[in-house]
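Dropping structure17.csv in here (CSV, C-alpha atoms and all ligand atoms):
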chain,number,residue,atom,x,y,z
A,599,MET,CA,71.5,103.4,106.9
A,600,SER,CA,72.8,103.2,110.4
A,601,PRO,CA,76.4,104.3,111.1
A,602,SER,CA,77.5,100.7,111.5
A,603,MET,CA,75.9,99.8,108.2
A,604,ILE,CA,77.7,102.7,106.5
A,605,ALA,CA,81.0,101.6,108.1
A,606,LEU,CA,80.4,98.1,106.7
A,607,VAL,CA,79.7,99.4,103.2
A,608,VAL,CA,82.8,101.6,103.3
A,609,GLU,CA,84.9,98.7,104.3
A,610,GLU,CA,83.5,96.5,101.5
A,611,GLU,CA,84.3,99.4,99.0
A,612,ASN,CA,87.8,99.7,100.4
A,613,LYS,CA,88.4,96.0,99.9
A,614,LYS,CA,87.5,96.4,96.3
A,615,TYR,CA,90.0,99.2,95.8
A,616,GLN,CA,92.8,97.1,97.5
A,617,ARG,CA,92.6,94.8,94.4
A,618,GLY,CA,93.9,97.6,92.2
A,619,VAL,CA,92.8,99.7,89.3
A,620,LYS,CA,93.3,97.0,86.6
A,621,HIS,CA,90.7,94.8,88.5
A,622,LEU,CA,88.4,97.8,88.8
A,623,CYS,CA,88.6,98.7,85.1
A,624,ASP,CA,88.2,95.1,84.0
A,625,ASN,CA,84.8,95.1,85.7
A,626,GLY,CA,83.7,98.2,83.7
A,627,LEU,CA,83.8,101.8,84.8
A,628,THR,CA,82.5,105.1,83.5
A,629,LYS,CA,83.4,107.4,86.4
A,630,VAL,CA,86.3,107.7,88.7
A,631,PRO,CA,85.3,106.4,92.2
A,632,THR,CA,85.6,109.1,95.0
A,633,LYS,CA,88.6,107.1,96.5
A,634,TYR,CA,90.7,108.2,93.5
A,635,ILE,CA,89.6,111.9,93.3
A,636,TRP,CA,92.4,114.2,94.4
A,637,PRO,CA,91.8,117.7,96.0
A,638,GLU,CA,91.8,120.4,93.3
A,639,PRO,CA,95.3,121.8,94.0
A,640,ASP,CA,96.8,118.4,93.5
A,641,ARG,CA,95.0,117.6,90.2
A,642,PRO,CA,96.8,117.5,86.8
A,643,ILE,CA,95.7,120.9,85.7
A,644,PHE,CA,95.6,123.4,88.5
A,645,THR,CA,96.2,127.0,87.6
A,646,LYS,CA,97.1,129.4,90.3
A,647,PRO,CA,94.7,132.4,90.3
A,648,ASP,CA,97.5,134.8,89.3
A,649,LYS,CA,98.6,132.7,86.3
A,650,LEU,CA,97.2,132.7,82.8
A,651,ILE,CA,96.1,129.4,81.5
A,652,LYS,CA,98.5,128.5,78.7
A,653,PRO,CA,99.2,125.0,77.4
A,654,LYS,CA,102.7,124.0,78.5
A,655,GLN,CA,105.2,122.7,76.0
A,656,ASN,CA,106.6,119.3,76.9
A,657,LEU,CA,110.0,119.5,78.5
A,658,LYS,CA,113.0,118.3,76.4
A,659,LEU,CA,115.4,116.9,79.0
A,660,PRO,CA,119.1,117.1,78.3
A,661,ILE,CA,120.2,114.1,76.2
A,662,ILE,CA,123.3,112.1,77.0
A,663,ASP,CA,124.7,109.9,74.3
A,664,ILE,CA,126.5,107.0,75.9
A,665,ALA,CA,128.6,106.3,72.7
A,666,GLU,CA,129.9,109.9,73.0
A,667,LEU,CA,130.5,109.5,76.8
A,668,LEU,CA,132.8,106.5,76.0
A,669,GLY,CA,134.6,108.4,73.2
A,670,PRO,CA,137.1,111.4,73.1
A,671,ASN,CA,134.3,113.8,74.1
A,672,ARG,CA,134.0,112.3,77.6
A,673,SER,CA,134.8,115.5,79.6
A,674,HIS,CA,132.3,117.5,77.6
A,675,VAL,CA,129.6,114.9,78.3
A,676,LEU,CA,130.5,114.8,82.0
A,677,ARG,CA,129.9,118.6,82.2
A,678,THR,CA,126.5,118.1,80.5
A,679,ILE,CA,125.7,115.4,83.1
A,680,ALA,CA,126.7,117.7,86.0
A,681,GLU,CA,124.5,120.6,84.6
A,682,ALA,CA,121.5,118.2,84.1
A,683,CYS,CA,121.8,116.8,87.7
A,684,GLU,CA,122.1,120.4,89.1
A,685,ASN,CA,119.3,122.0,87.1
A,686,TYR,CA,116.8,119.3,86.4
A,687,GLY,CA,117.7,116.2,88.5
A,688,PHE,CA,116.9,114.4,85.3
A,689,PHE,CA,118.3,113.5,81.9
A,690,GLN,CA,117.7,111.0,79.1
A,691,VAL,CA,120.2,108.6,77.7
A,692,VAL,CA,120.4,107.3,74.1
A,693,ASN,CA,122.8,104.9,72.5
A,694,HIS,CA,122.9,103.1,75.8
A,695,GLY,CA,123.7,99.7,74.3
A,696,MET,CA,120.6,97.9,75.4
A,697,GLU,CA,119.1,96.2,72.3
A,698,GLY,CA,115.7,97.5,71.4
A,699,ASP,CA,114.3,94.0,71.6
A,700,VAL,CA,115.3,93.6,75.3
A,701,SER,CA,113.3,96.7,76.4
A,702,ARG,CA,110.4,96.0,74.0
A,703,TYR,CA,110.1,92.4,75.2
A,704,MET,CA,110.2,93.6,78.8
A,705,ILE,CA,107.4,96.1,78.3
A,706,GLU,CA,105.4,93.5,76.4
A,707,VAL,CA,105.8,90.7,78.9
A,708,CYS,CA,104.9,93.1,81.7
A,709,LYS,CA,101.7,94.0,79.8
A,710,ARG,CA,100.9,90.3,79.7
A,711,PHE,CA,101.5,89.9,83.4
A,712,PHE,CA,99.0,92.6,84.2
A,713,GLU,CA,96.5,91.0,81.8
A,714,LEU,CA,96.6,87.7,83.8
A,715,PRO,CA,93.5,87.0,85.9
A,716,TYR,CA,93.4,88.9,89.2
A,717,GLU,CA,93.8,85.6,91.1
A,718,GLU,CA,97.2,84.9,89.5
A,719,ARG,CA,98.5,88.4,90.0
A,720,SER,CA,97.3,88.6,93.6
A,721,LYS,CA,99.5,85.7,94.6
A,722,TYR,CA,102.2,88.3,94.9
A,723,MET,CA,100.3,90.8,97.0
A,724,THR,CA,101.9,91.3,100.4
A,725,SER,CA,102.3,94.2,102.9
A,726,ASP,CA,105.8,92.8,103.7
A,727,MET,CA,108.1,95.6,102.5
A,728,SER,CA,111.1,93.2,102.4
A,729,ALA,CA,109.4,90.5,100.2
A,730,PRO,CA,111.4,89.8,97.1
A,731,VAL,CA,108.3,90.2,94.9
A,732,ARG,CA,105.5,92.6,95.7
A,733,TYR,CA,102.3,93.2,93.7
A,734,GLY,CA,100.1,96.1,94.8
A,735,THR,CA,98.3,99.3,93.9
A,736,SER,CA,98.4,103.0,94.5
A,737,PHE,CA,101.5,104.4,96.2
A,738,ASN,CA,101.3,103.0,99.7
A,739,GLN,CA,98.0,101.1,99.8
A,740,SER,CA,97.9,100.5,103.5
A,741,LYS,CA,98.4,104.2,104.3
A,742,ASP,CA,97.0,106.3,101.3
A,743,ASN,CA,93.7,108.0,102.0
A,744,ILE,CA,93.3,108.9,98.4
A,745,PHE,CA,94.4,106.2,95.9
A,746,CYS,CA,96.5,106.6,92.8
A,747,TRP,CA,95.5,105.1,89.4
A,748,ARG,CA,98.4,102.7,89.3
A,749,ASP,CA,99.1,99.0,90.0
A,750,PHE,CA,102.7,97.8,90.4
A,751,LEU,CA,104.9,94.8,90.6
A,752,LYS,CA,108.2,95.2,92.4
A,753,LEU,CA,111.1,92.8,92.0
A,754,SER,CA,114.2,92.7,94.0
A,755,ALA,CA,116.9,92.1,91.4
A,756,HIS,CA,120.5,92.2,92.7
A,757,PRO,CA,122.2,89.9,93.3
A,758,LEU,CA,119.9,88.2,90.7
A,759,PRO,CA,120.4,84.5,91.7
A,760,ASP,CA,119.1,85.3,95.3
A,761,TYR,CA,115.8,86.7,94.0
A,762,PHE,CA,115.1,85.2,90.6
A,763,PRO,CA,113.4,82.0,91.9
A,764,TYR,CA,110.8,84.1,93.7
A,765,TRP,CA,109.8,86.1,90.6
A,766,PRO,CA,106.4,85.3,88.9
A,767,SER,CA,106.3,82.1,87.0
A,768,SER,CA,103.5,83.3,84.8
A,769,PRO,CA,103.6,84.3,81.9
A,770,SER,CA,106.0,81.5,81.4
A,771,ASP,CA,108.6,83.7,79.7
A,772,PHE,CA,108.3,86.5,82.3
A,773,ARG,CA,111.3,85.4,84.5
A,774,SER,CA,113.8,84.9,81.7
A,775,LEU,CA,112.9,88.2,79.9
A,776,ALA,CA,112.8,90.2,83.2
A,777,ALA,CA,116.2,88.7,84.2
A,778,ILE,CA,117.9,89.8,80.9
A,779,TYR,CA,116.3,93.2,81.4
A,780,ALA,CA,117.4,93.5,85.0
A,781,LYS,CA,121.0,92.4,84.3
A,782,GLU,CA,121.4,94.8,81.4
A,783,THR,CA,119.9,97.7,83.4
A,784,LYS,CA,122.3,97.0,86.2
A,785,GLU,CA,125.2,97.1,83.7
A,786,MET,CA,123.9,100.4,82.4
A,787,PHE,CA,123.6,101.7,85.9
A,788,ASP,CA,127.2,100.8,86.8
A,789,LEU,CA,128.4,102.7,83.7
A,790,MET,CA,126.2,105.7,84.3
A,791,VAL,CA,127.0,106.0,88.0
A,792,LYS,CA,130.7,106.0,87.3
A,793,ALA,CA,130.2,108.9,84.9
A,794,ILE,CA,127.9,110.7,87.4
A,795,LEU,CA,130.4,110.3,90.2
A,796,GLU,CA,133.2,111.4,87.9
A,797,SER,CA,131.2,114.5,87.1
A,798,LEU,CA,131.3,115.5,90.8
A,799,GLU,CA,135.2,115.7,90.5
A,800,ILE,CA,135.9,114.1,93.9
A,801,ASP,CA,138.6,111.6,92.6
A,802,GLY,CA,139.1,108.5,94.8
A,803,GLU,CA,135.9,109.2,96.8
A,804,GLY,CA,133.9,108.7,93.6
A,805,ASP,CA,135.7,105.5,92.7
A,806,LYS,CA,135.0,104.2,96.3
A,807,ALA,CA,131.3,105.0,96.0
A,808,ALA,CA,131.1,103.4,92.6
A,809,GLU,CA,132.6,100.2,93.9
A,810,GLU,CA,130.2,100.1,96.8
A,811,LEU,CA,127.2,100.8,94.5
A,812,LYS,CA,128.3,97.9,92.3
A,813,GLU,CA,127.4,95.5,95.2
A,814,GLY,CA,124.3,97.5,96.0
A,815,SER,CA,120.6,96.8,95.7
A,816,GLN,CA,118.4,97.0,92.7
A,817,LEU,CA,114.7,97.1,92.7
A,818,VAL,CA,112.8,96.8,89.4
A,819,VAL,CA,109.4,98.5,89.7
A,820,VAL,CA,106.9,97.8,86.9
A,821,ASN,CA,104.1,100.4,86.8
A,822,CYS,CA,100.8,99.8,85.1
A,823,TYR,CA,98.4,102.7,84.4
A,824,PRO,CA,95.2,101.6,82.9
A,825,PRO,CA,93.1,104.1,80.9
A,826,CYS,CA,91.1,106.3,83.2
A,827,PRO,CA,87.6,107.6,82.4
A,828,GLN,CA,88.3,111.0,84.1
A,829,PRO,CA,92.1,111.5,84.1
A,830,GLU,CA,91.7,115.2,85.1
A,831,LEU,CA,90.6,114.1,88.6
A,832,THR,CA,93.3,111.7,89.6
A,833,LEU,CA,97.0,110.9,89.4
A,834,GLY,CA,98.9,107.8,88.4
A,835,MET,CA,101.6,108.6,91.0
A,836,PRO,CA,101.6,111.4,93.5
A,837,PRO,CA,104.5,113.9,93.8
A,838,HIS,CA,107.5,112.0,95.2
A,839,SER,CA,111.3,111.7,94.9
A,840,ASP,CA,113.0,108.4,94.5
A,841,TYR,CA,114.9,107.1,97.5
A,842,GLY,CA,117.8,105.3,95.8
A,843,PHE,CA,121.0,106.7,94.4
A,844,VAL,CA,119.9,106.8,90.7
A,845,THR,CA,116.8,105.6,88.9
A,846,LEU,CA,116.7,104.3,85.3
A,847,LEU,CA,113.2,104.6,83.8
A,848,LEU,CA,112.0,102.9,80.7
A,849,GLN,CA,108.6,104.2,79.4
A,850,ASP,CA,106.5,102.9,76.5
A,851,ASP,CA,105.5,105.6,73.9
A,852,VAL,CA,102.7,107.0,76.1
A,853,GLU,CA,103.6,110.2,77.9
A,854,GLY,CA,102.6,110.7,81.6
A,855,LEU,CA,105.7,111.5,83.6
A,856,GLN,CA,105.9,115.1,84.9
A,857,ILE,CA,108.8,116.7,86.8
A,858,MET,CA,108.8,119.8,88.9
A,859,TYR,CA,110.8,122.4,87.0
A,860,HIS,CA,111.0,126.1,88.1
A,861,ASP,CA,108.0,125.6,90.4
A,862,GLU,CA,105.8,124.1,87.7
A,863,TRP,CA,104.8,120.6,86.5
A,864,VAL,CA,106.1,119.9,83.1
A,865,THR,CA,105.6,116.8,81.0
A,866,VAL,CA,108.7,114.9,79.9
A,867,ASP,CA,108.6,114.2,76.2
A,868,PRO,CA,109.2,110.4,75.8
A,869,ILE,CA,112.0,109.5,73.3
A,870,PRO,CA,111.4,106.0,72.0
A,871,GLY,CA,114.1,103.6,73.1
A,872,SER,CA,115.7,106.0,75.5
A,873,PHE,CA,116.0,105.8,79.3
A,874,VAL,CA,115.2,108.6,81.7
A,875,VAL,CA,117.8,108.8,84.4
A,876,ASN,CA,117.1,110.7,87.6
A,877,VAL,CA,119.0,111.7,90.8
A,878,GLY,CA,117.6,109.9,93.9
A,879,ASP,CA,117.7,111.0,97.6
A,880,HIS,CA,121.0,109.1,98.3
A,881,LEU,CA,122.8,110.9,95.5
A,882,GLU,CA,121.4,114.3,96.7
A,883,ILE,CA,122.8,113.4,100.2
A,884,PHE,CA,126.1,112.1,98.9
A,885,SER,CA,126.6,115.2,96.8
A,886,ASN,CA,125.7,117.4,99.8
A,887,GLY,CA,122.8,118.9,97.9
A,888,ARG,CA,124.7,119.7,94.7
A,889,TYR,CA,122.7,117.2,92.7
A,890,LYS,CA,118.9,117.4,93.2
A,891,SER,CA,116.5,114.6,93.8
A,892,VAL,CA,113.6,116.3,92.1
A,893,LEU,CA,109.8,115.8,92.7
A,894,HIS,CA,108.0,114.0,89.9
A,895,ARG,CA,104.5,112.6,89.4
A,896,VAL,CA,102.5,110.7,86.8
A,897,LEU,CA,99.4,111.6,84.9
A,898,VAL,CA,97.0,109.2,83.3
A,899,ASN,CA,94.9,109.5,80.2
A,900,SER,CA,91.5,108.2,79.0
A,901,THR,CA,92.5,106.2,76.0
A,902,LYS,CA,95.9,104.5,76.2
A,903,PRO,CA,97.2,102.1,78.9
A,904,ARG,CA,100.7,102.9,79.9
A,905,ILE,CA,103.5,100.7,81.2
A,906,SER,CA,106.8,102.0,82.7
A,907,VAL,CA,109.7,100.1,84.3
A,908,ALA,CA,111.8,101.9,86.9
A,909,SER,CA,115.0,100.4,88.1
A,910,LEU,CA,116.1,101.8,91.5
A,911,HIS,CA,119.7,101.4,92.4
A,912,SER,CA,121.1,102.0,95.9
A,913,PHE,CA,123.9,101.3,98.3
A,914,PRO,CA,124.0,98.0,100.1
A,915,LEU,CA,121.6,97.9,103.1
A,916,THR,CA,124.5,98.0,105.5
A,917,SER,CA,126.0,101.2,104.1
A,918,VAL,CA,125.9,104.5,105.8
A,919,VAL,CA,124.6,107.3,103.5
A,920,LYS,CA,126.3,110.6,104.1
A,921,PRO,CA,127.7,113.6,102.2
A,922,SER,CA,131.1,113.0,100.6
A,923,PRO,CA,133.8,114.6,102.8
A,924,LYS,CA,135.3,116.0,99.5
A,925,LEU,CA,132.1,118.1,99.1
A,926,THR,CA,132.0,119.5,102.6
A,927,ASP,CA,134.2,122.1,104.3
A,928,GLU,CA,133.7,125.1,106.6
A,929,HIS,CA,131.9,127.0,103.8
A,930,ASN,CA,129.8,124.0,102.8
A,931,PRO,CA,128.9,122.1,106.0
A,932,PRO,CA,127.1,118.8,105.7
A,933,GLN,CA,123.4,119.5,104.9
A,934,TYR,CA,122.3,116.0,105.8
A,935,MET,CA,122.5,113.5,108.7
A,936,ASP,CA,124.5,110.3,108.3
A,937,THR,CA,121.9,107.6,108.0
A,938,ASP,CA,122.2,103.9,107.5
A,939,PHE,CA,120.1,102.7,104.6
A,940,ALA,CA,117.9,100.4,106.7
A,941,THR,CA,116.8,103.3,108.9
A,942,PHE,CA,116.3,105.4,105.9
A,943,LEU,CA,114.0,102.9,104.3
A,944,GLN,CA,112.0,102.7,107.6
A,945,TYR,CA,111.7,106.4,107.6
A,946,ILE,CA,110.5,106.7,104.0
A,947,SER,CA,108.0,103.9,104.3
A,948,SER,CA,106.4,105.8,107.3
A,949,ARG,CA,106.2,109.2,105.7
A,950,GLU,CA,103.8,110.9,103.3
A,951,PRO,CA,104.9,110.7,99.7
A,952,LYS,CA,105.9,114.4,99.5
A,1001,LIG,C1,108.7,105.7,89.8
A,1001,LIG,C2,108.3,106.7,88.9
A,1001,LIG,C3,107.5,107.3,86.7
A,1001,LIG,C4,106.6,106.7,85.6
A,1001,LIG,O1,108.4,104.5,89.5
A,1001,LIG,O2,109.2,106.0,90.9
A,1001,LIG,O3,108.5,107.9,89.2
A,1001,LIG,O4,106.6,107.4,84.5
A,1001,LIG,N1,107.7,106.3,87.7
A,1001,LIG,O5,106.0,105.7,85.7
A,1002,NI,NI,109.8,108.0,90.8
Represent the structure of the file as structure tokens.
Amino acid sequence: MSPSMIALVVEEENKKYQRGVKHLCDNGLTKVPTKYIWPEPDRPIFTKPDKLIKPKQNLKLPIIDIAELLGPNRSHVLRTIAEACENYGFFQVVNHGMEGDVSRYMIEVCKRFFELPYEERSKYMTSDMSAPVRYGTSFNQSKDNIFCWRDFLKLSAHPLPDYFPYWPSSPSDFRSLAAIYAKETKEMFDLMVKAILESLEIDGEGDKAAEELKEGSQLVVVNCYPPCPQPELTLGMPPHSDYGFVTLLLQDDVEGLQIMYHDEWVTVDPIPGSFVVNVGDHLEIFSNGRYKSVLHRVLVNSTKPRISVASLHSFPLTSVVKPSPKLTDEHNPPQYMDTDFATFLQYISSREPK
């Protein structure tokens, strides 16, 4: 083939991958295409030469019981939150008040969305980062050289009435179920963030931030990871940290999330019905580095499709994100620049995921 012919073939191939992994799998697949094969050091199981191969136990994240947080043991629970944010950047919440049906219906209707014909799903495909609904694949499909085994649907969700009319109208019950889910997740966030800010012990500064965050943005990201014929060669999501203040993650019962803990990747044990809560970049900045926005990634498997729903909560777009003055002094100078959120978003959309 001539070089120009090869270029043409590559372009055709790339177009195919832009349609996403669900589309790819629906057309039958026995091997992972080269586009999705990660270099060896980035693959799911990479053992450094000086380390023995030993199967890692799944990580049991600290568990926060919201019923206890709201009872007489609050100060004890706040200390557990502070330790979790310092040592893991992650914890799980149980007894959070969201009815099991709300989260189950959400996962289930999202599954049905991804089972729609490609033509229906692709109506929401756009490279416009500010679109209220965005369907896509990989991590950043216009920039990624190697693709991830993941399709996504991103929904702007707060304030809900501004965005709701743009959400997918098919399946016919999608909007109403996703709206209930988004609203209840936002309420859970407002409650969680109050506790997290209280755990920083910065008094009025925390209350001020909580008020601002109440009016902030919410992005609901539905992740779809179809079964993969060679999961050892690829990733569902590359190592990244979340840009917002706090993320609330709902997973189905299939494991896949890994977090960086003591320099190693460890799998988070999913607790049915719980939410995984993690510190985002904004909270790391706000806490002047005391709470850590920790790298995490997603593995896929060869048998079970996996759905997760991440709800990213941040300050309003007009806010300036900076370390809380209460957490800086001559011994602890600010570790981060003041940044307005819009500039910050521009920066993260231009950088590599790591
Ligand atoms: C994310 C994320 C983890 C998962 O959406 O930012 O990290 O388990 N998701 O899907
Ligand atoms: Ni994430």
_Surrounding residues of His880 of chain A excluding itself and chain neighbours under 3 positions, 9 Å, all atoms listed in the file, as number ranges by chain_ = A: 840-844, 877, 883-885, 891, 912-913, 919-921
Within-7 Å residues of ligand LIG 1001 (chain A), basis all atoms listed in the file, as a short mmCIF file (atom, residue, chain, number, x, y, z; two decimals) with C-alpha atoms, in the coordinates of the input:
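The resulting file, part30.cif, is reproduced below:
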data_model
loop_
_atom_site.label_atom_id
_atom_site.label_comp_id
_atom_site.auth_asym_id
_atom_site.auth_seq_id
_atom_site.Cartn_x
_atom_site.Cartn_y
_atom_site.Cartn_z
CA VAL A 819 109.40 98.50 89.70
CA ASN A 821 104.10 100.40 86.80
CA ASP A 840 113.00 108.40 94.50
CA LEU A 847 113.20 104.60 83.80
CA GLN A 849 108.60 104.20 79.40
CA GLY A 854 102.60 110.70 81.60
CA LEU A 855 105.70 111.50 83.60
CA HIS A 894 108.00 114.00 89.90
CA ARG A 895 104.50 112.60 89.40
CA VAL A 896 102.50 110.70 86.80
CA SER A 906 106.80 102.00 82.70
CA VAL A 907 109.70 100.10 84.30
CA ALA A 908 111.80 101.90 86.90
#
*Which value, in Å to one decimal, gives the distance between atom CA of Asp927 of chain A and atom CA of Asn876 of chain A?*
26.5 Å
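Closest approach to Asn612 of chain A among A:Asn743, A:Phe939, A:Glu713, A:Ala729 is made by A:Asn743 (distances from only C-alpha atoms).
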*asked:* Here is a test: counting only C-alpha atoms, which residue of A:Pro914, A:Gly734, A:Gly618, A:Gly687 is nearest to Val820 of chain A?
replied: A:Gly734
_Just want the 9 Å neighbourhood of segment 746-756 of chain A, counted on all atoms listed in the file, with same-chain residues fewer than 4 positions away dropped. Output as a PyMOL selection string._
chain A and resi 617-620+633-636+712+722-723+728-737+742+760-762+764-765+777+780-781+784+813-826+829+832-836+897-898
*Find the residues around Pro660 of chain A up to 10 Å (all atoms listed in the file counted), leave out those fewer than 6 positions away in its own chain, and share them as a list in words.*
Thr678, Ile679, Glu681, Ala682, Cys683, Tyr686, Phe688, Phe689, Gln690, Val691 and Val874 of chain A
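The spacing separating atom CA of Pro827 of chain A from atom CA of Pro631 of chain A amounts to 10.1 Å.
Using all atoms listed in the file, the smallest distance between any of A:Lys721, A:Lys902, A:Arg888, A:His694 and Ser872 of chain A comes from A:His694.
In this model, the gap between atom CA of Met790 of chain A and atom CA of Asn671 of chain A comes to 15.3 Å.
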_Can you tell me which residues surround segment 858-866 of chain A at a distance of at most 6 Å, considering all atoms listed in the file, apart from same-chain residues fewer than 4 positions away, and format the answer as JSON, numbers by chain?_
{"A": [656, 657, 893, 894]}
C-alpha atoms of the current selection, written as a PDB file, in the coordinates of the input:
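Below is the file part16.pdb, written as the result:
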ATOM      1  CA  ASN A 656     106.600 119.300  76.900  1.00  0.00           C
ATOM      2  CA  LEU A 657     110.000 119.500  78.500  1.00  0.00           C
ATOM      3  CA  LEU A 893     109.800 115.800  92.700  1.00  0.00           C
ATOM      4  CA  HIS A 894     108.000 114.000  89.900  1.00  0.00           C
TER       5      HIS A 894
END
_List as a PyMOL selection string the protein and nucleic acid residues near Leu848 of chain A, meaning an atom at most 10 Å away when all atoms listed in the file are counted, but skip any in the same chain fewer than 2 places from it._
chain A and resi 701-702+704-705+783+820+845-846+850-851+868-875+905-909
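In this comparison, which uses only C-alpha atoms and all ligand atoms, the residue of A:His838, A:Lys890, A:Lys924, A:Lys806 approaching ligand NI 1002 (chain A) most closely is A:His838.
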*asked:* I'd like to know which of A:Glu882, A:Glu830, A:Asp624, A:Glu853 is closest to Pro637 of chain A, using all atoms listed in the file.
replied: A:Glu830
